[in-house]
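Containing compact mmCIF, all heavy atoms: model.txt.
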# COMPACT_ATOMS: atom_id res chain seq x y z
N MET A 1 29.06 126.50 93.39
CA MET A 1 27.61 126.29 93.50
C MET A 1 27.04 125.86 92.14
O MET A 1 27.39 126.44 91.12
CB MET A 1 26.95 127.59 93.96
CG MET A 1 25.71 127.36 94.80
SD MET A 1 25.01 128.91 95.36
CE MET A 1 25.92 129.17 96.89
N PRO A 2 26.20 124.85 92.11
CA PRO A 2 25.66 124.40 90.82
C PRO A 2 24.63 125.39 90.26
O PRO A 2 23.96 126.09 91.00
CB PRO A 2 25.00 123.06 91.15
CG PRO A 2 24.68 123.12 92.60
CD PRO A 2 25.70 124.05 93.22
N THR A 3 24.54 125.40 88.97
CA THR A 3 23.53 126.25 88.33
C THR A 3 22.44 125.37 87.72
O THR A 3 22.69 124.26 87.27
CB THR A 3 24.15 127.12 87.22
OG1 THR A 3 24.77 126.28 86.27
CG2 THR A 3 25.15 128.09 87.77
N TYR A 4 21.25 125.89 87.74
CA TYR A 4 20.11 125.18 87.17
C TYR A 4 19.46 126.06 86.12
O TYR A 4 19.31 127.26 86.32
CB TYR A 4 19.09 124.85 88.26
CG TYR A 4 19.65 123.99 89.36
CD1 TYR A 4 20.24 124.56 90.47
CD2 TYR A 4 19.61 122.60 89.25
CE1 TYR A 4 20.77 123.77 91.48
CE2 TYR A 4 20.13 121.80 90.25
CZ TYR A 4 20.72 122.39 91.37
OH TYR A 4 21.24 121.62 92.35
N GLU A 5 19.04 125.44 85.03
CA GLU A 5 18.36 126.20 84.01
C GLU A 5 16.87 125.90 84.09
O GLU A 5 16.45 124.76 84.17
CB GLU A 5 18.91 125.84 82.63
CG GLU A 5 18.55 126.90 81.61
CD GLU A 5 19.22 126.65 80.27
OE1 GLU A 5 19.17 125.53 79.76
OE2 GLU A 5 19.78 127.61 79.72
N PHE A 6 16.10 126.97 84.06
CA PHE A 6 14.65 126.83 84.15
C PHE A 6 13.99 127.53 82.97
O PHE A 6 14.54 128.45 82.38
CB PHE A 6 14.13 127.50 85.43
CG PHE A 6 14.51 126.77 86.69
CD1 PHE A 6 15.72 127.02 87.31
CD2 PHE A 6 13.64 125.84 87.25
CE1 PHE A 6 16.07 126.36 88.49
CE2 PHE A 6 13.98 125.17 88.43
CZ PHE A 6 15.20 125.43 89.04
N GLN A 7 12.78 127.06 82.66
CA GLN A 7 11.98 127.75 81.66
C GLN A 7 10.62 128.06 82.26
O GLN A 7 9.98 127.21 82.88
CB GLN A 7 11.80 126.89 80.41
CG GLN A 7 10.95 127.60 79.36
CD GLN A 7 11.03 126.91 78.01
OE1 GLN A 7 11.14 125.69 77.93
NE2 GLN A 7 10.97 127.68 76.95
N CYS A 8 10.19 129.29 82.11
CA CYS A 8 8.90 129.73 82.62
C CYS A 8 7.80 129.20 81.71
O CYS A 8 7.88 129.33 80.48
CB CYS A 8 8.87 131.25 82.66
SG CYS A 8 7.28 131.90 83.20
N LYS A 9 6.78 128.59 82.33
CA LYS A 9 5.68 128.05 81.53
C LYS A 9 4.71 129.14 81.11
O LYS A 9 3.86 128.95 80.27
CB LYS A 9 4.93 126.99 82.33
CG LYS A 9 5.73 125.72 82.52
CD LYS A 9 4.90 124.69 83.27
CE LYS A 9 5.70 123.42 83.50
NZ LYS A 9 4.95 122.48 84.35
N LYS A 10 4.81 130.28 81.76
CA LYS A 10 3.86 131.35 81.50
C LYS A 10 4.32 132.24 80.33
O LYS A 10 3.57 132.50 79.41
CB LYS A 10 3.70 132.18 82.77
CG LYS A 10 2.38 132.90 82.84
CD LYS A 10 2.21 133.51 84.22
CE LYS A 10 1.08 134.50 84.23
NZ LYS A 10 1.01 135.21 85.51
N CYS A 11 5.58 132.69 80.39
CA CYS A 11 6.06 133.61 79.35
C CYS A 11 7.17 132.99 78.50
O CYS A 11 7.71 133.65 77.62
CB CYS A 11 6.52 134.92 79.98
SG CYS A 11 8.03 134.76 80.96
N ASN A 12 7.52 131.75 78.79
CA ASN A 12 8.54 131.03 78.02
C ASN A 12 9.97 131.52 78.19
O ASN A 12 10.86 131.12 77.46
CB ASN A 12 8.19 131.02 76.53
CG ASN A 12 7.54 129.72 76.12
OD1 ASN A 12 7.34 128.83 76.94
ND2 ASN A 12 7.20 129.61 74.86
N LYS A 13 10.19 132.39 79.14
CA LYS A 13 11.54 132.89 79.38
C LYS A 13 12.41 131.79 79.99
O LYS A 13 11.97 131.07 80.88
CB LYS A 13 11.44 134.09 80.33
CG LYS A 13 12.76 134.46 80.97
CD LYS A 13 13.15 135.88 80.63
CE LYS A 13 14.49 136.22 81.23
NZ LYS A 13 15.40 136.77 80.22
N THR A 14 13.61 131.64 79.48
CA THR A 14 14.55 130.71 80.11
C THR A 14 15.54 131.50 80.93
O THR A 14 15.98 132.58 80.54
CB THR A 14 15.31 129.87 79.07
OG1 THR A 14 15.85 130.72 78.10
CG2 THR A 14 14.42 128.86 78.41
N PHE A 15 15.88 130.97 82.09
CA PHE A 15 16.81 131.66 82.97
C PHE A 15 17.60 130.65 83.78
O PHE A 15 17.20 129.51 83.97
CB PHE A 15 16.06 132.64 83.87
CG PHE A 15 14.99 132.02 84.74
CD1 PHE A 15 15.23 131.73 86.06
CD2 PHE A 15 13.74 131.74 84.20
CE1 PHE A 15 14.24 131.17 86.86
CE2 PHE A 15 12.74 131.16 84.99
CZ PHE A 15 12.99 130.88 86.32
N THR A 16 18.77 131.10 84.21
CA THR A 16 19.65 130.24 84.99
C THR A 16 19.70 130.74 86.43
O THR A 16 19.78 131.93 86.68
CB THR A 16 21.07 130.26 84.38
OG1 THR A 16 20.96 129.94 83.00
CG2 THR A 16 21.97 129.24 85.04
N VAL A 17 19.61 129.81 87.35
CA VAL A 17 19.64 130.15 88.76
C VAL A 17 20.75 129.37 89.45
O VAL A 17 20.93 128.19 89.19
CB VAL A 17 18.29 129.80 89.43
CG1 VAL A 17 18.29 130.18 90.91
CG2 VAL A 17 17.14 130.49 88.71
N MET A 18 21.50 130.06 90.27
CA MET A 18 22.52 129.40 91.08
C MET A 18 21.92 129.09 92.44
O MET A 18 21.46 129.96 93.16
CB MET A 18 23.73 130.32 91.27
CG MET A 18 24.83 130.02 90.28
SD MET A 18 26.38 130.70 90.84
CE MET A 18 26.35 132.25 89.98
N LEU A 19 21.89 127.81 92.79
CA LEU A 19 21.27 127.40 94.05
C LEU A 19 22.10 126.34 94.74
O LEU A 19 22.64 125.45 94.10
CB LEU A 19 19.88 126.80 93.78
CG LEU A 19 18.73 127.72 93.39
CD1 LEU A 19 17.52 126.86 93.09
CD2 LEU A 19 18.40 128.68 94.51
N ALA A 20 22.16 126.44 96.04
CA ALA A 20 22.71 125.32 96.81
C ALA A 20 21.70 124.18 96.74
O ALA A 20 20.50 124.41 96.61
CB ALA A 20 22.94 125.73 98.25
N LEU A 21 22.18 122.97 96.84
CA LEU A 21 21.29 121.82 96.72
C LEU A 21 20.16 121.83 97.75
O LEU A 21 19.02 121.55 97.44
CB LEU A 21 22.09 120.52 96.87
CG LEU A 21 22.71 120.00 95.58
CD1 LEU A 21 23.50 118.73 95.87
CD2 LEU A 21 21.64 119.70 94.54
N ALA A 22 20.46 122.16 98.98
CA ALA A 22 19.45 122.20 100.04
C ALA A 22 18.36 123.22 99.70
O ALA A 22 17.18 122.98 99.90
CB ALA A 22 20.09 122.54 101.37
N GLU A 23 18.79 124.33 99.15
CA GLU A 23 17.86 125.39 98.80
C GLU A 23 16.97 124.96 97.63
O GLU A 23 15.78 125.23 97.58
CB GLU A 23 18.68 126.60 98.37
CG GLU A 23 18.17 127.92 98.89
CD GLU A 23 19.10 129.03 98.45
OE1 GLU A 23 20.32 128.88 98.58
OE2 GLU A 23 18.58 130.03 97.94
N HIS A 24 17.58 124.28 96.69
CA HIS A 24 16.88 123.84 95.49
C HIS A 24 15.73 122.91 95.83
O HIS A 24 14.69 122.91 95.20
CB HIS A 24 17.90 123.15 94.57
CG HIS A 24 17.30 122.52 93.36
ND1 HIS A 24 17.51 121.21 93.02
CD2 HIS A 24 16.48 123.02 92.42
CE1 HIS A 24 16.84 120.93 91.93
NE2 HIS A 24 16.21 122.01 91.52
N GLU A 25 15.93 122.08 96.87
CA GLU A 25 14.91 121.10 97.19
C GLU A 25 13.67 121.70 97.84
O GLU A 25 12.59 121.16 97.73
CB GLU A 25 15.49 120.01 98.10
CG GLU A 25 16.30 119.04 97.27
CD GLU A 25 16.96 117.96 98.11
OE1 GLU A 25 16.68 117.89 99.31
OE2 GLU A 25 17.76 117.21 97.54
N LYS A 26 13.84 122.81 98.52
CA LYS A 26 12.66 123.34 99.22
C LYS A 26 12.05 124.57 98.57
O LYS A 26 10.98 125.00 98.96
CB LYS A 26 12.98 123.61 100.69
CG LYS A 26 14.12 124.56 100.92
CD LYS A 26 14.40 124.72 102.43
CE LYS A 26 15.67 125.48 102.66
NZ LYS A 26 16.04 125.56 104.05
N SER A 27 12.71 125.14 97.58
CA SER A 27 12.11 126.31 96.96
C SER A 27 12.23 126.27 95.44
O SER A 27 13.20 125.79 94.89
CB SER A 27 12.76 127.59 97.49
OG SER A 27 14.12 127.63 97.10
N VAL A 28 11.22 126.79 94.80
CA VAL A 28 11.23 126.90 93.35
C VAL A 28 11.48 128.36 93.01
O VAL A 28 10.84 129.25 93.59
CB VAL A 28 9.86 126.45 92.77
CG1 VAL A 28 9.82 126.64 91.26
CG2 VAL A 28 9.59 125.00 93.14
N PRO A 29 12.40 128.65 92.12
CA PRO A 29 12.66 130.05 91.79
C PRO A 29 11.52 130.66 90.99
O PRO A 29 10.80 129.96 90.27
CB PRO A 29 13.94 129.97 90.94
CG PRO A 29 13.94 128.60 90.37
CD PRO A 29 13.27 127.72 91.38
N ALA A 30 11.38 131.96 91.13
CA ALA A 30 10.35 132.66 90.37
C ALA A 30 10.97 133.19 89.08
O ALA A 30 12.15 133.51 89.01
CB ALA A 30 9.79 133.80 91.19
N CYS A 31 10.14 133.27 88.05
CA CYS A 31 10.60 133.82 86.77
C CYS A 31 11.02 135.28 86.95
O CYS A 31 10.28 136.07 87.54
CB CYS A 31 9.45 133.73 85.77
SG CYS A 31 9.75 134.59 84.24
N PRO A 32 12.21 135.65 86.46
CA PRO A 32 12.66 137.03 86.63
C PRO A 32 11.85 138.03 85.79
O PRO A 32 11.87 139.23 86.05
CB PRO A 32 14.13 136.98 86.16
CG PRO A 32 14.23 135.78 85.29
CD PRO A 32 13.20 134.80 85.80
N LYS A 33 11.14 137.54 84.82
CA LYS A 33 10.39 138.44 83.94
C LYS A 33 8.97 138.69 84.44
O LYS A 33 8.55 139.83 84.59
CB LYS A 33 10.35 137.83 82.53
CG LYS A 33 9.82 138.78 81.49
CD LYS A 33 9.87 138.13 80.12
CE LYS A 33 9.17 139.00 79.09
NZ LYS A 33 9.10 138.30 77.79
N CYS A 34 8.23 137.61 84.73
CA CYS A 34 6.83 137.79 85.11
C CYS A 34 6.54 137.36 86.55
O CYS A 34 5.41 137.43 87.00
CB CYS A 34 5.93 137.03 84.14
SG CYS A 34 6.06 135.24 84.29
N LYS A 35 7.59 136.93 87.27
CA LYS A 35 7.49 136.54 88.68
C LYS A 35 6.65 135.30 88.92
O LYS A 35 6.33 134.97 90.06
CB LYS A 35 6.95 137.71 89.54
CG LYS A 35 7.65 139.03 89.32
CD LYS A 35 9.08 138.96 89.77
CE LYS A 35 9.76 140.33 89.62
NZ LYS A 35 11.21 140.19 89.63
N SER A 36 6.28 134.61 87.88
CA SER A 36 5.52 133.38 88.04
C SER A 36 6.40 132.28 88.62
O SER A 36 7.59 132.22 88.34
CB SER A 36 4.97 132.94 86.69
OG SER A 36 4.45 131.63 86.78
N ARG A 37 5.82 131.42 89.42
CA ARG A 37 6.56 130.27 89.92
C ARG A 37 6.22 129.01 89.14
O ARG A 37 6.60 127.91 89.50
CB ARG A 37 6.30 130.08 91.42
CG ARG A 37 7.10 131.09 92.23
CD ARG A 37 6.93 130.90 93.71
NE ARG A 37 7.66 131.92 94.42
CZ ARG A 37 8.89 131.73 94.92
NH1 ARG A 37 9.49 130.60 94.79
NH2 ARG A 37 9.50 132.72 95.54
N LYS A 38 5.49 129.17 88.05
CA LYS A 38 5.21 128.02 87.19
C LYS A 38 6.39 127.84 86.23
O LYS A 38 6.31 128.14 85.05
CB LYS A 38 3.92 128.25 86.42
CG LYS A 38 2.70 128.17 87.32
CD LYS A 38 1.42 128.21 86.48
CE LYS A 38 0.19 128.27 87.35
NZ LYS A 38 -0.49 126.99 87.44
N VAL A 39 7.47 127.37 86.79
CA VAL A 39 8.66 127.18 85.99
C VAL A 39 9.02 125.70 85.94
O VAL A 39 8.70 124.93 86.85
CB VAL A 39 9.85 127.99 86.54
CG1 VAL A 39 9.57 129.48 86.46
CG2 VAL A 39 10.21 127.58 87.95
N GLN A 40 9.69 125.32 84.89
CA GLN A 40 10.07 123.94 84.69
C GLN A 40 11.58 123.86 84.57
O GLN A 40 12.19 124.64 83.84
CB GLN A 40 9.42 123.47 83.38
CG GLN A 40 9.66 122.01 83.05
CD GLN A 40 8.94 121.62 81.78
OE1 GLN A 40 8.90 122.34 80.80
NE2 GLN A 40 8.35 120.44 81.78
N GLN A 41 12.18 122.94 85.30
CA GLN A 41 13.63 122.82 85.22
C GLN A 41 14.03 122.08 83.97
O GLN A 41 13.46 121.06 83.61
CB GLN A 41 14.15 122.08 86.46
CG GLN A 41 15.67 122.14 86.52
CD GLN A 41 16.22 121.48 87.77
OE1 GLN A 41 15.49 121.11 88.66
NE2 GLN A 41 17.52 121.34 87.82
N LYS A 42 15.02 122.63 83.28
CA LYS A 42 15.50 121.96 82.08
C LYS A 42 16.52 120.90 82.46
O LYS A 42 17.21 121.02 83.46
CB LYS A 42 16.14 122.99 81.15
CG LYS A 42 15.14 124.00 80.63
CD LYS A 42 15.79 124.86 79.58
CE LYS A 42 14.98 124.87 78.31
NZ LYS A 42 15.69 125.50 77.20
N PRO A 43 16.62 119.85 81.66
CA PRO A 43 17.58 118.79 81.97
C PRO A 43 19.01 119.30 81.97
O PRO A 43 19.38 120.11 81.10
CB PRO A 43 17.38 117.77 80.84
CG PRO A 43 16.16 118.17 80.11
CD PRO A 43 15.88 119.61 80.44
N ALA A 44 19.80 118.85 82.91
CA ALA A 44 21.20 119.27 83.00
C ALA A 44 21.94 118.79 81.75
O ALA A 44 21.72 117.71 81.25
CB ALA A 44 21.83 118.68 84.25
N GLY A 45 22.82 119.65 81.26
CA GLY A 45 23.61 119.27 80.11
C GLY A 45 23.04 119.75 78.79
O GLY A 45 23.74 119.84 77.81
N PHE A 46 21.78 120.11 78.79
CA PHE A 46 21.14 120.55 77.55
C PHE A 46 21.82 121.79 76.98
O PHE A 46 22.08 121.89 75.79
CB PHE A 46 19.66 120.85 77.83
CG PHE A 46 18.90 121.32 76.62
CD1 PHE A 46 18.44 120.40 75.68
CD2 PHE A 46 18.68 122.67 76.40
CE1 PHE A 46 17.76 120.83 74.56
CE2 PHE A 46 18.00 123.10 75.28
CZ PHE A 46 17.54 122.19 74.35
N PHE A 47 22.14 122.73 77.84
CA PHE A 47 22.74 123.99 77.42
C PHE A 47 24.10 123.76 76.76
O PHE A 47 24.41 124.32 75.73
CB PHE A 47 22.88 124.94 78.60
CG PHE A 47 23.46 126.28 78.23
CD1 PHE A 47 22.67 127.23 77.59
CD2 PHE A 47 24.79 126.57 78.50
CE1 PHE A 47 23.20 128.46 77.23
CE2 PHE A 47 25.32 127.79 78.15
CZ PHE A 47 24.53 128.74 77.52
N ALA A 48 24.89 122.90 77.38
CA ALA A 48 26.25 122.64 76.90
C ALA A 48 26.20 122.04 75.49
O ALA A 48 27.00 122.39 74.63
CB ALA A 48 26.98 121.71 77.85
N VAL A 49 25.23 121.16 75.27
CA VAL A 49 25.12 120.50 73.96
C VAL A 49 24.71 121.51 72.89
O VAL A 49 25.30 121.58 71.82
CB VAL A 49 24.10 119.34 74.02
CG1 VAL A 49 23.81 118.81 72.62
CG2 VAL A 49 24.63 118.22 74.90
N SER A 50 23.72 122.35 73.21
CA SER A 50 23.23 123.28 72.20
C SER A 50 24.21 124.40 71.91
O SER A 50 24.16 125.04 70.88
CB SER A 50 21.88 123.87 72.65
OG SER A 50 22.05 124.61 73.82
N ALA A 51 25.15 124.64 72.86
CA ALA A 51 26.11 125.72 72.68
C ALA A 51 27.36 125.25 71.90
O ALA A 51 28.24 126.05 71.64
CB ALA A 51 26.52 126.27 74.03
N LYS A 52 27.40 123.99 71.57
CA LYS A 52 28.57 123.44 70.87
C LYS A 52 28.69 124.07 69.48
O LYS A 52 27.71 124.18 68.75
CB LYS A 52 28.41 121.93 70.76
CG LYS A 52 29.72 121.23 70.42
CD LYS A 52 29.53 119.72 70.46
CE LYS A 52 29.30 119.19 69.05
NZ LYS A 52 29.12 117.75 69.02
N LYS A 53 29.91 124.44 69.16
CA LYS A 53 30.13 125.00 67.82
C LYS A 53 30.75 123.97 66.89
O LYS A 53 31.54 123.14 67.31
CB LYS A 53 31.07 126.21 67.93
CG LYS A 53 30.37 127.40 68.58
CD LYS A 53 31.21 128.66 68.44
CE LYS A 53 30.49 129.84 69.04
NZ LYS A 53 31.34 131.03 69.03
N SER A 54 30.39 124.05 65.64
CA SER A 54 30.95 123.08 64.70
C SER A 54 31.94 123.77 63.78
O SER A 54 31.82 124.94 63.51
CB SER A 54 29.83 122.42 63.88
OG SER A 54 29.05 123.40 63.27
ZN ZN A 101 7.74 134.20 83.15
The structure given in the file should be rewritten as structure tokens.
Ligand SMILES: [Zn+2]
Amino acid sequence: MPTYEFQCKKCNKTFTVMLALAEHEKSVPACPKCKSRKVQQKPAGFFAVSAKKS
């Protein structure tokens, strides 16, 4: 199952959600911290790049 990274616009918390594609299209996950649904999906691949070690 693919994972999606989201950032809450309300409290700035970033979180990862595992969603089936069909589910992803019809529902927006709520922030685990403040339960807000004002979340923004982060671009795929961003996490992998920032986690790179030199
Ligand atoms: Zn939040």
With all atoms listed in the file counted, collect every polymer residue having an atom within 6 Å of ligand ZN 101 (chain A); state the result as a compact mmCIF listing (two decimals) with all heavy atoms, keeping the file's coordinate frame.
# COMPACT_ATOMS: atom_id res chain seq x y z
N CYS A 8 10.19 129.29 82.11
CA CYS A 8 8.90 129.73 82.62
C CYS A 8 7.80 129.20 81.71
O CYS A 8 7.88 129.33 80.48
CB CYS A 8 8.87 131.25 82.66
SG CYS A 8 7.28 131.90 83.20
N LYS A 9 6.78 128.59 82.33
CA LYS A 9 5.68 128.05 81.53
C LYS A 9 4.71 129.14 81.11
O LYS A 9 3.86 128.95 80.27
CB LYS A 9 4.93 126.99 82.33
CG LYS A 9 5.73 125.72 82.52
CD LYS A 9 4.90 124.69 83.27
CE LYS A 9 5.70 123.42 83.50
NZ LYS A 9 4.95 122.48 84.35
N LYS A 10 4.81 130.28 81.76
CA LYS A 10 3.86 131.35 81.50
C LYS A 10 4.32 132.24 80.33
O LYS A 10 3.57 132.50 79.41
CB LYS A 10 3.70 132.18 82.77
CG LYS A 10 2.38 132.90 82.84
CD LYS A 10 2.21 133.51 84.22
CE LYS A 10 1.08 134.50 84.23
NZ LYS A 10 1.01 135.21 85.51
N CYS A 11 5.58 132.69 80.39
CA CYS A 11 6.06 133.61 79.35
C CYS A 11 7.17 132.99 78.50
O CYS A 11 7.71 133.65 77.62
CB CYS A 11 6.52 134.92 79.98
SG CYS A 11 8.03 134.76 80.96
N ASN A 12 7.52 131.75 78.79
CA ASN A 12 8.54 131.03 78.02
C ASN A 12 9.97 131.52 78.19
O ASN A 12 10.86 131.12 77.46
CB ASN A 12 8.19 131.02 76.53
CG ASN A 12 7.54 129.72 76.12
OD1 ASN A 12 7.34 128.83 76.94
ND2 ASN A 12 7.20 129.61 74.86
N LYS A 13 10.19 132.39 79.14
CA LYS A 13 11.54 132.89 79.38
C LYS A 13 12.41 131.79 79.99
O LYS A 13 11.97 131.07 80.88
CB LYS A 13 11.44 134.09 80.33
CG LYS A 13 12.76 134.46 80.97
CD LYS A 13 13.15 135.88 80.63
CE LYS A 13 14.49 136.22 81.23
NZ LYS A 13 15.40 136.77 80.22
N CYS A 31 10.14 133.27 88.05
CA CYS A 31 10.60 133.82 86.77
C CYS A 31 11.02 135.28 86.95
O CYS A 31 10.28 136.07 87.54
CB CYS A 31 9.45 133.73 85.77
SG CYS A 31 9.75 134.59 84.24
N PRO A 32 12.21 135.65 86.46
CA PRO A 32 12.66 137.03 86.63
C PRO A 32 11.85 138.03 85.79
O PRO A 32 11.87 139.23 86.05
CB PRO A 32 14.13 136.98 86.16
CG PRO A 32 14.23 135.78 85.29
CD PRO A 32 13.20 134.80 85.80
N LYS A 33 11.14 137.54 84.82
CA LYS A 33 10.39 138.44 83.94
C LYS A 33 8.97 138.69 84.44
O LYS A 33 8.55 139.83 84.59
CB LYS A 33 10.35 137.83 82.53
CG LYS A 33 9.82 138.78 81.49
CD LYS A 33 9.87 138.13 80.12
CE LYS A 33 9.17 139.00 79.09
NZ LYS A 33 9.10 138.30 77.79
N CYS A 34 8.23 137.61 84.73
CA CYS A 34 6.83 137.79 85.11
C CYS A 34 6.54 137.36 86.55
O CYS A 34 5.41 137.43 87.00
CB CYS A 34 5.93 137.03 84.14
SG CYS A 34 6.06 135.24 84.29
N LYS A 35 7.59 136.93 87.27
CA LYS A 35 7.49 136.54 88.68
C LYS A 35 6.65 135.30 88.92
O LYS A 35 6.33 134.97 90.06
CB LYS A 35 6.95 137.71 89.54
CG LYS A 35 7.65 139.03 89.32
CD LYS A 35 9.08 138.96 89.77
CE LYS A 35 9.76 140.33 89.62
NZ LYS A 35 11.21 140.19 89.63
N SER A 36 6.28 134.61 87.88
CA SER A 36 5.52 133.38 88.04
C SER A 36 6.40 132.28 88.62
O SER A 36 7.59 132.22 88.34
CB SER A 36 4.97 132.94 86.69
OG SER A 36 4.45 131.63 86.78
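From CA of Thr16 (chain A) back to atom N of Arg37 (chain A), the distance works out to 14.6 Å.
Distances here use all atoms listed in the file; by that measure, the residue among A:Phe15, A:Gln7, A:Met1, A:Lys42 closest to Pro29 (chain A) is A:Phe15.
Rounded to one decimal, CB of Thr14 (chain A) and CG of Lys26 (chain A) lie 22.5 Å from each other.
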So how many Å separate atom O of Thr3 (chain A) and CG of Lys38 (chain A), to one decimal?
-> 20.4 Å
For Pro2 (chain A), work out the shell of residues within 6 Å, counting all atoms listed in the file and skipping chain neighbours fewer than 5 positions away, then give it as JSON, numbers by chain.
-> {"A": [17, 18, 19, 20, 21]}
